[in-house]
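Beneath this line is the structure, given in structure tokens, with notes to follow.
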Amino acid sequence: MFLRLNMAKRVLCRLGQWCSRVFAVECEPNSDPVYFGLSKNPQASLSGEQQTFEKIFGGAKSYSLHICTDDRFQRAMRYEDLKNNLISALPRGSLLDVFSFLPDVKNSLFRGFLIKDAEAIPMFHELVMGSWVNVCTYVQEEDGQWWQHLWSKSEDATEVLVDKYCLVPARMPQYHPSTLNIMGNDVFYSFGDAHKVMEKSVEIIPETKELLELVDQNLTLKRDGQFPVIVIEGLDATGKTTLTRSLTAELSAALLGSPPQCLSPWRQRFDSEPALLRRAFYAMGNYITASQIAVASQHSPVVVDRYWHSTAAYAIATAVAGKVSNLPGPGSEVYRWPSDLLRPDLVLLLTVSPEERLRRLSVRGVEKTREEAELEANHLFRTKVEQAYKRVEDPACVVVDASPPPDQVLQQVLLLIRDKCHL
Ligand SMILES: Nc1ncnc2c1ncn2[C@@H]1O[C@H](COP(=O)(O)OP(=O)(O)OP(=O)(O)O)[C@@H](O)[C@H]1O
Ligand SMILES: Nc1ccn([C@@H]2O[C@H](COP(=O)(O)O)[C@@H](O)[C@H]2O)c(=O)n1
């Protein structure tokens, strides 16, 4: 028995600070999560607090699974795997997002799931035996208090209860927990960091090797060109393609885009990978486009269809759970421009009403990426993307009302360009 617990305790030490962690259960996308902390001893609590726990953990058994590894690559891969397994095995509505974190401590977030009202969960034994997920069950004792039971692996490879903690209410932190890991997991602020993730991804996508060779052979990060560089941004179907084409003709400019054409063979593959890889792919795309801009802007003005604003805005909006107000506020470091990425002279954000965007989407009717399909269905997500666009800094974007007919939008944009870029 001593040996069994000893091993389990070692597991606990490796997790460190478990007891100082705060947990956030996302019950509804449009309301604040329920926060709770852990205590070794029962604490006097208000009946309302116990009722909240009852609402979340009551019914049949509840389980929580938390991916606990500091390795961002492992964390991303394991999380996606677990999510896909749980979604395919459990009834709809029984799975909630749970965040475990150290309040306001960057990179302390472990994402996980709460499985409500289930007698048993798929893979319980395998999950407990693994070293990368913390499996907890929730139990109400006779005095009415709710406890978290933490399970681990014993010497003889059976599940053992290693510790139990009383649930106590916790204060809402200043920053929503889903914002804590954005930098370096969802958004990359240097070529080197995105490159590191791409190098790791060769292990699971061998074709990435060719992509890296292409990048390593062709990249110039210095901008020598004197001609202006104008980026056109916006949600899908806001009119970027239409405008960039007419603008290019009007200014006798070069037309580029991010991700660049040369990444097309890999795009679909990366779109179906976990966020860490997908975002590193688009970040890499910006550096290749930057290299193309550096060359093209020596000869003519350059118009760019999507660039860094898109990469950052979609990544931040996807990473941040729940309400629009959960986004990091204006001025947050998550919106800063990577210091080694070529800066354009002007970034224009095309906006149209949701109704007009849907009308344009239906007229066009082409194949959608998963993220675009989500955008269409999800007003909350769309609002978060647009807000994140507007918060990216240095250069910030200039908002353009793109609802008038194409030639009027073009004239409006030409005026802006003449004013800001002296063309
Ligand atoms: N100013 C406009 N008024 C009315 N319709 C427009 C306007 N601009 C573009 N459209 C139409 O809206 C649809 C979407 O336009 P477009 O392809 O230019 O958008 P986009 O922003 O490039 O989309 P995506 O990012 O998904 O490629 C097209 O059918 C286009 O003809
Ligand atoms: N610079 C970019 C460009 C695009 N993305 C991602 O691609 C999707 C939209 O691109 P479309 O070509 O279909 O308009 C969207 O999901 C973005 O996440 C990006 O990240 N960075």
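Within each chain, counting starts at residue 1; across the structure tokens, chains are named A, B, ... in the order shown, with ligands numbered 1 upward in that order.
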Requested in this report: Pick out the residues no farther than 7 Å from ligand 2, counting only C-alpha atoms and all ligand atoms, and list them as number ranges by chain.
Outcome: A: 236, 258-259, 279, 282-283, 285-286, 306-308, 310-312, 314-315, 369, 371-372
Next, dump the selected residues to file, keeping only N, CA and C atoms, as an mmCIF file, in the first residue's frame.
data_model
loop_
_atom_site.group_PDB
_atom_site.id
_atom_site.type_symbol
_atom_site.label_atom_id
_atom_site.label_comp_id
_atom_site.auth_asym_id
_atom_site.auth_seq_id
_atom_site.Cartn_x
_atom_site.Cartn_y
_atom_site.Cartn_z
ATOM 1 N N ASP A 236 -14.487 36.774 -44.539
ATOM 2 C CA ASP A 236 -14.717 36.264 -45.882
ATOM 3 C C ASP A 236 -15.992 36.897 -46.480
ATOM 4 N N SER A 258 -1.682 36.372 -48.580
ATOM 5 C CA SER A 258 -1.177 35.482 -47.543
ATOM 6 C C SER A 258 -2.328 34.584 -47.105
ATOM 7 N N PRO A 259 -2.177 33.253 -47.082
ATOM 8 C CA PRO A 259 -0.961 32.528 -47.422
ATOM 9 C C PRO A 259 -0.631 32.630 -48.912
ATOM 10 N N ARG A 279 -1.872 27.448 -36.893
ATOM 11 C CA ARG A 279 -1.461 28.853 -36.746
ATOM 12 C C ARG A 279 -0.004 29.061 -37.152
ATOM 13 N N TYR A 282 0.088 29.379 -40.951
ATOM 14 C CA TYR A 282 -0.295 30.704 -41.477
ATOM 15 C C TYR A 282 0.746 31.767 -41.118
ATOM 16 N N ALA A 283 1.364 31.620 -39.936
ATOM 17 C CA ALA A 283 2.406 32.584 -39.546
ATOM 18 C C ALA A 283 3.560 32.486 -40.540
ATOM 19 N N GLY A 285 3.375 31.504 -43.540
ATOM 20 C CA GLY A 285 2.882 32.071 -44.799
ATOM 21 C C GLY A 285 3.120 33.579 -44.858
ATOM 22 N N ASN A 286 2.913 34.256 -43.725
ATOM 23 C CA ASN A 286 3.126 35.715 -43.708
ATOM 24 C C ASN A 286 4.581 36.064 -43.999
ATOM 25 N N ARG A 306 -5.083 39.782 -47.478
ATOM 26 C CA ARG A 306 -4.857 39.210 -46.137
ATOM 27 C C ARG A 306 -3.369 39.171 -45.807
ATOM 28 N N TYR A 307 -3.090 39.356 -44.486
ATOM 29 C CA TYR A 307 -1.701 39.313 -44.009
ATOM 30 C C TYR A 307 -1.761 39.055 -42.507
ATOM 31 N N TRP A 308 -0.899 39.697 -41.746
ATOM 32 C CA TRP A 308 -0.792 39.391 -40.313
ATOM 33 C C TRP A 308 -2.093 39.630 -39.533
ATOM 34 N N SER A 310 -5.108 39.102 -40.311
ATOM 35 C CA SER A 310 -5.993 37.925 -40.406
ATOM 36 C C SER A 310 -5.476 36.806 -39.520
ATOM 37 N N THR A 311 -4.171 36.575 -39.583
ATOM 38 C CA THR A 311 -3.599 35.466 -38.811
ATOM 39 C C THR A 311 -3.855 35.684 -37.321
ATOM 40 N N ALA A 312 -3.594 36.896 -36.854
ATOM 41 C CA ALA A 312 -3.761 37.174 -35.429
ATOM 42 C C ALA A 312 -5.247 37.170 -35.040
ATOM 43 N N TYR A 314 -8.072 35.809 -36.395
ATOM 44 C CA TYR A 314 -8.756 34.513 -36.368
ATOM 45 C C TYR A 314 -8.226 33.655 -35.223
ATOM 46 N N ALA A 315 -6.907 33.701 -35.008
ATOM 47 C CA ALA A 315 -6.313 32.859 -33.959
ATOM 48 C C ALA A 315 -6.797 33.293 -32.581
ATOM 49 N N THR A 369 -13.989 26.573 -45.667
ATOM 50 C CA THR A 369 -13.135 25.875 -44.705
ATOM 51 C C THR A 369 -13.973 25.707 -43.439
ATOM 52 N N GLU A 371 -13.388 26.685 -40.508
ATOM 53 C CA GLU A 371 -13.455 27.922 -39.744
ATOM 54 C C GLU A 371 -14.463 28.892 -40.366
ATOM 55 N N GLU A 372 -14.499 28.928 -41.690
ATOM 56 C CA GLU A 372 -15.435 29.818 -42.359
ATOM 57 C C GLU A 372 -16.875 29.371 -42.119
#
Query - ligand 1 neighbours within 7 Å using only C-alpha atoms and all ligand atoms, as a ChimeraX atom specification - result: /A:234-243,360-361,363-364,402-406,409
Print the selection's residues with N, CA and C atoms to a file, as an mmCIF file, in the first residue's frame.
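Generated output (again00.cif):
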data_model
loop_
_atom_site.group_PDB
_atom_site.id
_atom_site.type_symbol
_atom_site.label_atom_id
_atom_site.label_comp_id
_atom_site.auth_asym_id
_atom_site.auth_seq_id
_atom_site.Cartn_x
_atom_site.Cartn_y
_atom_site.Cartn_z
ATOM 1 N N GLY A 234 -10.367 41.580 -43.953
ATOM 2 C CA GLY A 234 -11.808 41.506 -43.692
ATOM 3 C C GLY A 234 -12.248 40.063 -43.571
ATOM 4 N N LEU A 235 -13.439 39.876 -43.002
ATOM 5 C CA LEU A 235 -14.028 38.539 -42.948
ATOM 6 C C LEU A 235 -14.247 38.064 -44.376
ATOM 7 N N ASP A 236 -14.487 36.774 -44.539
ATOM 8 C CA ASP A 236 -14.717 36.264 -45.882
ATOM 9 C C ASP A 236 -15.992 36.897 -46.480
ATOM 10 N N ALA A 237 -15.953 37.064 -47.789
ATOM 11 C CA ALA A 237 -17.069 37.633 -48.569
ATOM 12 C C ALA A 237 -17.339 39.108 -48.286
ATOM 13 N N THR A 238 -16.365 39.805 -47.723
ATOM 14 C CA THR A 238 -16.564 41.249 -47.524
ATOM 15 C C THR A 238 -16.130 42.015 -48.775
ATOM 16 N N GLY A 239 -15.543 41.319 -49.751
ATOM 17 C CA GLY A 239 -15.183 41.966 -51.016
ATOM 18 C C GLY A 239 -13.687 42.159 -51.225
ATOM 19 N N LYS A 240 -12.861 41.412 -50.517
ATOM 20 C CA LYS A 240 -11.395 41.592 -50.635
ATOM 21 C C LYS A 240 -10.889 41.270 -52.042
ATOM 22 N N THR A 241 -11.302 40.107 -52.577
ATOM 23 C CA THR A 241 -10.814 39.706 -53.902
ATOM 24 C C THR A 241 -11.239 40.724 -54.947
ATOM 25 N N THR A 242 -12.515 41.118 -54.870
ATOM 26 C CA THR A 242 -13.048 42.089 -55.831
ATOM 27 C C THR A 242 -12.242 43.382 -55.768
ATOM 28 N N LEU A 243 -12.011 43.860 -54.568
ATOM 29 C CA LEU A 243 -11.315 45.145 -54.412
ATOM 30 C C LEU A 243 -9.828 45.025 -54.780
ATOM 31 N N ARG A 360 -23.820 37.911 -49.761
ATOM 32 C CA ARG A 360 -22.691 37.740 -50.686
ATOM 33 C C ARG A 360 -22.182 36.298 -50.652
ATOM 34 N N LEU A 361 -22.181 35.709 -49.457
ATOM 35 C CA LEU A 361 -21.725 34.310 -49.346
ATOM 36 C C LEU A 361 -22.629 33.383 -50.136
ATOM 37 N N VAL A 363 -24.569 34.147 -52.667
ATOM 38 C CA VAL A 363 -24.434 34.382 -54.113
ATOM 39 C C VAL A 363 -23.220 33.617 -54.632
ATOM 40 N N ARG A 364 -22.159 33.649 -53.842
ATOM 41 C CA ARG A 364 -20.913 33.034 -54.300
ATOM 42 C C ARG A 364 -20.961 31.504 -54.219
ATOM 43 N N ALA A 402 -17.634 48.627 -46.634
ATOM 44 C CA ALA A 402 -17.578 48.007 -47.967
ATOM 45 C C ALA A 402 -18.962 47.631 -48.488
ATOM 46 N N SER A 403 -20.011 48.242 -47.904
ATOM 47 C CA SER A 403 -21.346 47.867 -48.393
ATOM 48 C C SER A 403 -21.767 48.544 -49.704
ATOM 49 N N PRO A 404 -21.248 49.711 -50.079
ATOM 50 C CA PRO A 404 -21.643 50.269 -51.383
ATOM 51 C C PRO A 404 -21.187 49.379 -52.550
ATOM 52 N N PRO A 405 -21.656 49.671 -53.757
ATOM 53 C CA PRO A 405 -21.250 48.873 -54.925
ATOM 54 C C PRO A 405 -19.727 48.920 -55.122
ATOM 55 N N PRO A 406 -19.159 47.910 -55.817
ATOM 56 C CA PRO A 406 -17.701 47.769 -55.927
ATOM 57 C C PRO A 406 -16.976 49.039 -56.393
ATOM 58 N N VAL A 409 -16.680 51.507 -53.558
ATOM 59 C CA VAL A 409 -15.703 51.066 -52.542
ATOM 60 C C VAL A 409 -14.306 51.373 -53.068
#
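Considering the residues A:Ser39, A:Ser300, A:Ser362, A:Ser108 and counting only C-alpha atoms, Leu180 in chain A has its shortest atom-to-atom contact with A:Ser108.
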Requested in this report: Name the closest residue to Gly130 in chain A among the candidates A:Met284, A:Leu109, A:Leu65, A:Leu95; distances are taken between atoms, counting only C-alpha atoms.
Outcome: A:Leu65
Report task. Determine which residues of range 136-334 of chain A receive a DSSP assignment of strand (DSSP E or B), computed from the backbone, and state them as a ChimeraX atom specification. Result -> /A:136-140,146-153,159-169,183,187,229-234,254-257,302-305
Please write the residues from the selection above to a file, keeping N, CA and C atoms, as a short mmCIF file (atom, residue, chain, number, x, y, z; two decimals), in the first residue's frame.
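result-v2.cif was written with the following content:
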data_model
loop_
_atom_site.label_atom_id
_atom_site.label_comp_id
_atom_site.auth_asym_id
_atom_site.auth_seq_id
_atom_site.Cartn_x
_atom_site.Cartn_y
_atom_site.Cartn_z
N CYS A 136 -10.22 13.44 -12.87
CA CYS A 136 -10.86 13.73 -11.58
C CYS A 136 -12.32 13.28 -11.62
N THR A 137 -12.81 12.87 -10.47
CA THR A 137 -14.25 12.64 -10.34
C THR A 137 -14.76 13.60 -9.27
N TYR A 138 -16.06 13.81 -9.23
CA TYR A 138 -16.64 14.78 -8.29
C TYR A 138 -17.70 14.08 -7.44
N VAL A 139 -17.57 14.25 -6.13
CA VAL A 139 -18.41 13.49 -5.20
C VAL A 139 -18.95 14.44 -4.14
N GLN A 140 -20.24 14.27 -3.81
CA GLN A 140 -20.80 15.07 -2.71
C GLN A 140 -20.82 14.22 -1.44
N TRP A 146 -18.91 19.42 -1.81
CA TRP A 146 -18.46 18.74 -3.03
C TRP A 146 -16.95 18.58 -3.00
N TRP A 147 -16.47 17.41 -3.43
CA TRP A 147 -15.04 17.09 -3.42
C TRP A 147 -14.58 16.68 -4.82
N GLN A 148 -13.35 17.06 -5.09
CA GLN A 148 -12.72 16.59 -6.33
C GLN A 148 -11.79 15.43 -5.95
N HIS A 149 -11.97 14.29 -6.58
CA HIS A 149 -11.09 13.13 -6.36
C HIS A 149 -10.12 13.04 -7.53
N LEU A 150 -8.84 13.00 -7.21
CA LEU A 150 -7.82 12.96 -8.26
C LEU A 150 -7.27 11.54 -8.36
N TRP A 151 -7.33 10.99 -9.59
CA TRP A 151 -6.94 9.59 -9.80
C TRP A 151 -5.57 9.51 -10.45
N SER A 152 -4.87 8.44 -10.11
CA SER A 152 -3.59 8.22 -10.78
C SER A 152 -3.32 6.73 -10.89
N LYS A 153 -2.12 6.46 -11.40
CA LYS A 153 -1.74 5.07 -11.68
C LYS A 153 -0.94 4.54 -10.49
N GLU A 159 -6.08 1.88 -11.07
CA GLU A 159 -6.38 3.28 -10.73
C GLU A 159 -6.34 3.44 -9.22
N VAL A 160 -5.76 4.51 -8.76
CA VAL A 160 -5.73 4.75 -7.32
C VAL A 160 -6.10 6.21 -7.06
N LEU A 161 -6.89 6.41 -6.00
CA LEU A 161 -7.27 7.76 -5.61
C LEU A 161 -6.08 8.38 -4.88
N VAL A 162 -5.45 9.41 -5.47
CA VAL A 162 -4.23 9.93 -4.84
C VAL A 162 -4.50 11.07 -3.89
N ASP A 163 -5.55 11.81 -4.15
CA ASP A 163 -5.83 12.91 -3.25
C ASP A 163 -7.27 13.36 -3.44
N LYS A 164 -7.76 14.07 -2.48
CA LYS A 164 -9.09 14.65 -2.65
C LYS A 164 -9.09 16.07 -2.09
N TYR A 165 -9.84 16.93 -2.77
CA TYR A 165 -9.86 18.34 -2.39
C TYR A 165 -11.31 18.81 -2.33
N CYS A 166 -11.54 19.65 -1.35
CA CYS A 166 -12.88 20.23 -1.23
C CYS A 166 -13.02 21.38 -2.23
N LEU A 167 -14.17 21.45 -2.92
CA LEU A 167 -14.37 22.55 -3.88
C LEU A 167 -14.77 23.82 -3.12
N VAL A 168 -14.08 24.89 -3.45
CA VAL A 168 -14.43 26.18 -2.83
C VAL A 168 -14.63 27.21 -3.94
N PRO A 169 -15.53 28.16 -3.74
CA PRO A 169 -15.73 29.16 -4.80
C PRO A 169 -14.46 29.97 -5.01
N MET A 183 -0.11 33.66 -26.52
CA MET A 183 1.21 33.96 -27.10
C MET A 183 2.08 32.71 -27.13
N VAL A 187 -0.72 32.46 -31.37
CA VAL A 187 -0.10 33.52 -32.18
C VAL A 187 1.41 33.48 -31.95
N VAL A 229 2.97 49.62 -49.71
CA VAL A 229 2.41 48.27 -49.56
C VAL A 229 1.06 48.43 -48.85
N ILE A 230 -0.01 47.97 -49.53
CA ILE A 230 -1.37 48.16 -48.99
C ILE A 230 -2.02 46.80 -48.78
N VAL A 231 -2.45 46.55 -47.55
CA VAL A 231 -3.06 45.25 -47.22
C VAL A 231 -4.57 45.43 -47.12
N ILE A 232 -5.30 44.48 -47.71
CA ILE A 232 -6.77 44.50 -47.61
C ILE A 232 -7.20 43.33 -46.74
N GLU A 233 -7.90 43.64 -45.66
CA GLU A 233 -8.32 42.63 -44.70
C GLU A 233 -9.84 42.61 -44.58
N GLY A 234 -10.37 41.58 -43.95
CA GLY A 234 -11.81 41.51 -43.69
C GLY A 234 -12.25 40.06 -43.57
N ALA A 254 1.49 45.28 -57.94
CA ALA A 254 1.63 43.81 -57.90
C ALA A 254 0.61 43.31 -56.89
N LEU A 255 0.01 42.15 -57.20
CA LEU A 255 -0.98 41.58 -56.28
C LEU A 255 -0.40 40.34 -55.60
N LEU A 256 -0.37 40.38 -54.28
CA LEU A 256 0.11 39.23 -53.51
C LEU A 256 -0.94 38.86 -52.47
N GLY A 257 -0.74 37.75 -51.81
CA GLY A 257 -1.69 37.34 -50.78
C GLY A 257 -1.01 36.49 -49.73
N VAL A 302 2.36 47.58 -54.01
CA VAL A 302 1.95 46.19 -53.79
C VAL A 302 0.62 46.16 -53.04
N VAL A 303 -0.31 45.37 -53.55
CA VAL A 303 -1.59 45.15 -52.87
C VAL A 303 -1.57 43.73 -52.34
N VAL A 304 -1.93 43.56 -51.05
CA VAL A 304 -1.85 42.22 -50.43
C VAL A 304 -3.23 41.82 -49.90
N ASP A 305 -3.68 40.65 -50.32
CA ASP A 305 -4.97 40.10 -49.88
C ASP A 305 -4.73 39.28 -48.62
#
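Take CA of Asn30 in chain A and CA of Lys323 in chain A: the distance between them is 5.2 Å.
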**Report entry** Ile316 in chain A surroundings by only C-alpha atoms, 10 Å radius, close-in-sequence under 4 positions cut, as a ChimeraX atom specification
**Finding:** /A:178-179,182-183,186-187,310-312,320-321,327-328,334-335,384-385,388-389
Let me see the file: selected residues, C-alpha atoms, as a compact mmCIF listing (two decimals), in the first residue's frame.
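Result went into out.txt, see below:
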# COMPACT_ATOMS: atom_id res chain seq x y z
CA SER A 178 -8.49 31.10 -22.25
CA THR A 179 -6.36 34.21 -22.92
CA ILE A 182 -2.38 32.80 -26.64
CA MET A 183 1.21 33.96 -27.10
CA ASP A 186 -2.07 30.51 -31.00
CA VAL A 187 -0.10 33.52 -32.18
CA SER A 310 -5.99 37.93 -40.41
CA THR A 311 -3.60 35.47 -38.81
CA ALA A 312 -3.76 37.17 -35.43
CA VAL A 320 -10.74 33.02 -26.54
CA ALA A 321 -13.78 31.20 -25.18
CA LEU A 327 -11.00 39.15 -25.56
CA PRO A 328 -7.81 40.77 -24.26
CA VAL A 334 -1.32 39.85 -27.85
CA TYR A 335 -2.19 42.43 -30.54
CA LYS A 384 -14.76 38.45 -31.91
CA VAL A 385 -12.77 38.19 -35.16
CA ALA A 388 -9.58 41.44 -32.76
CA TYR A 389 -8.88 42.88 -36.25
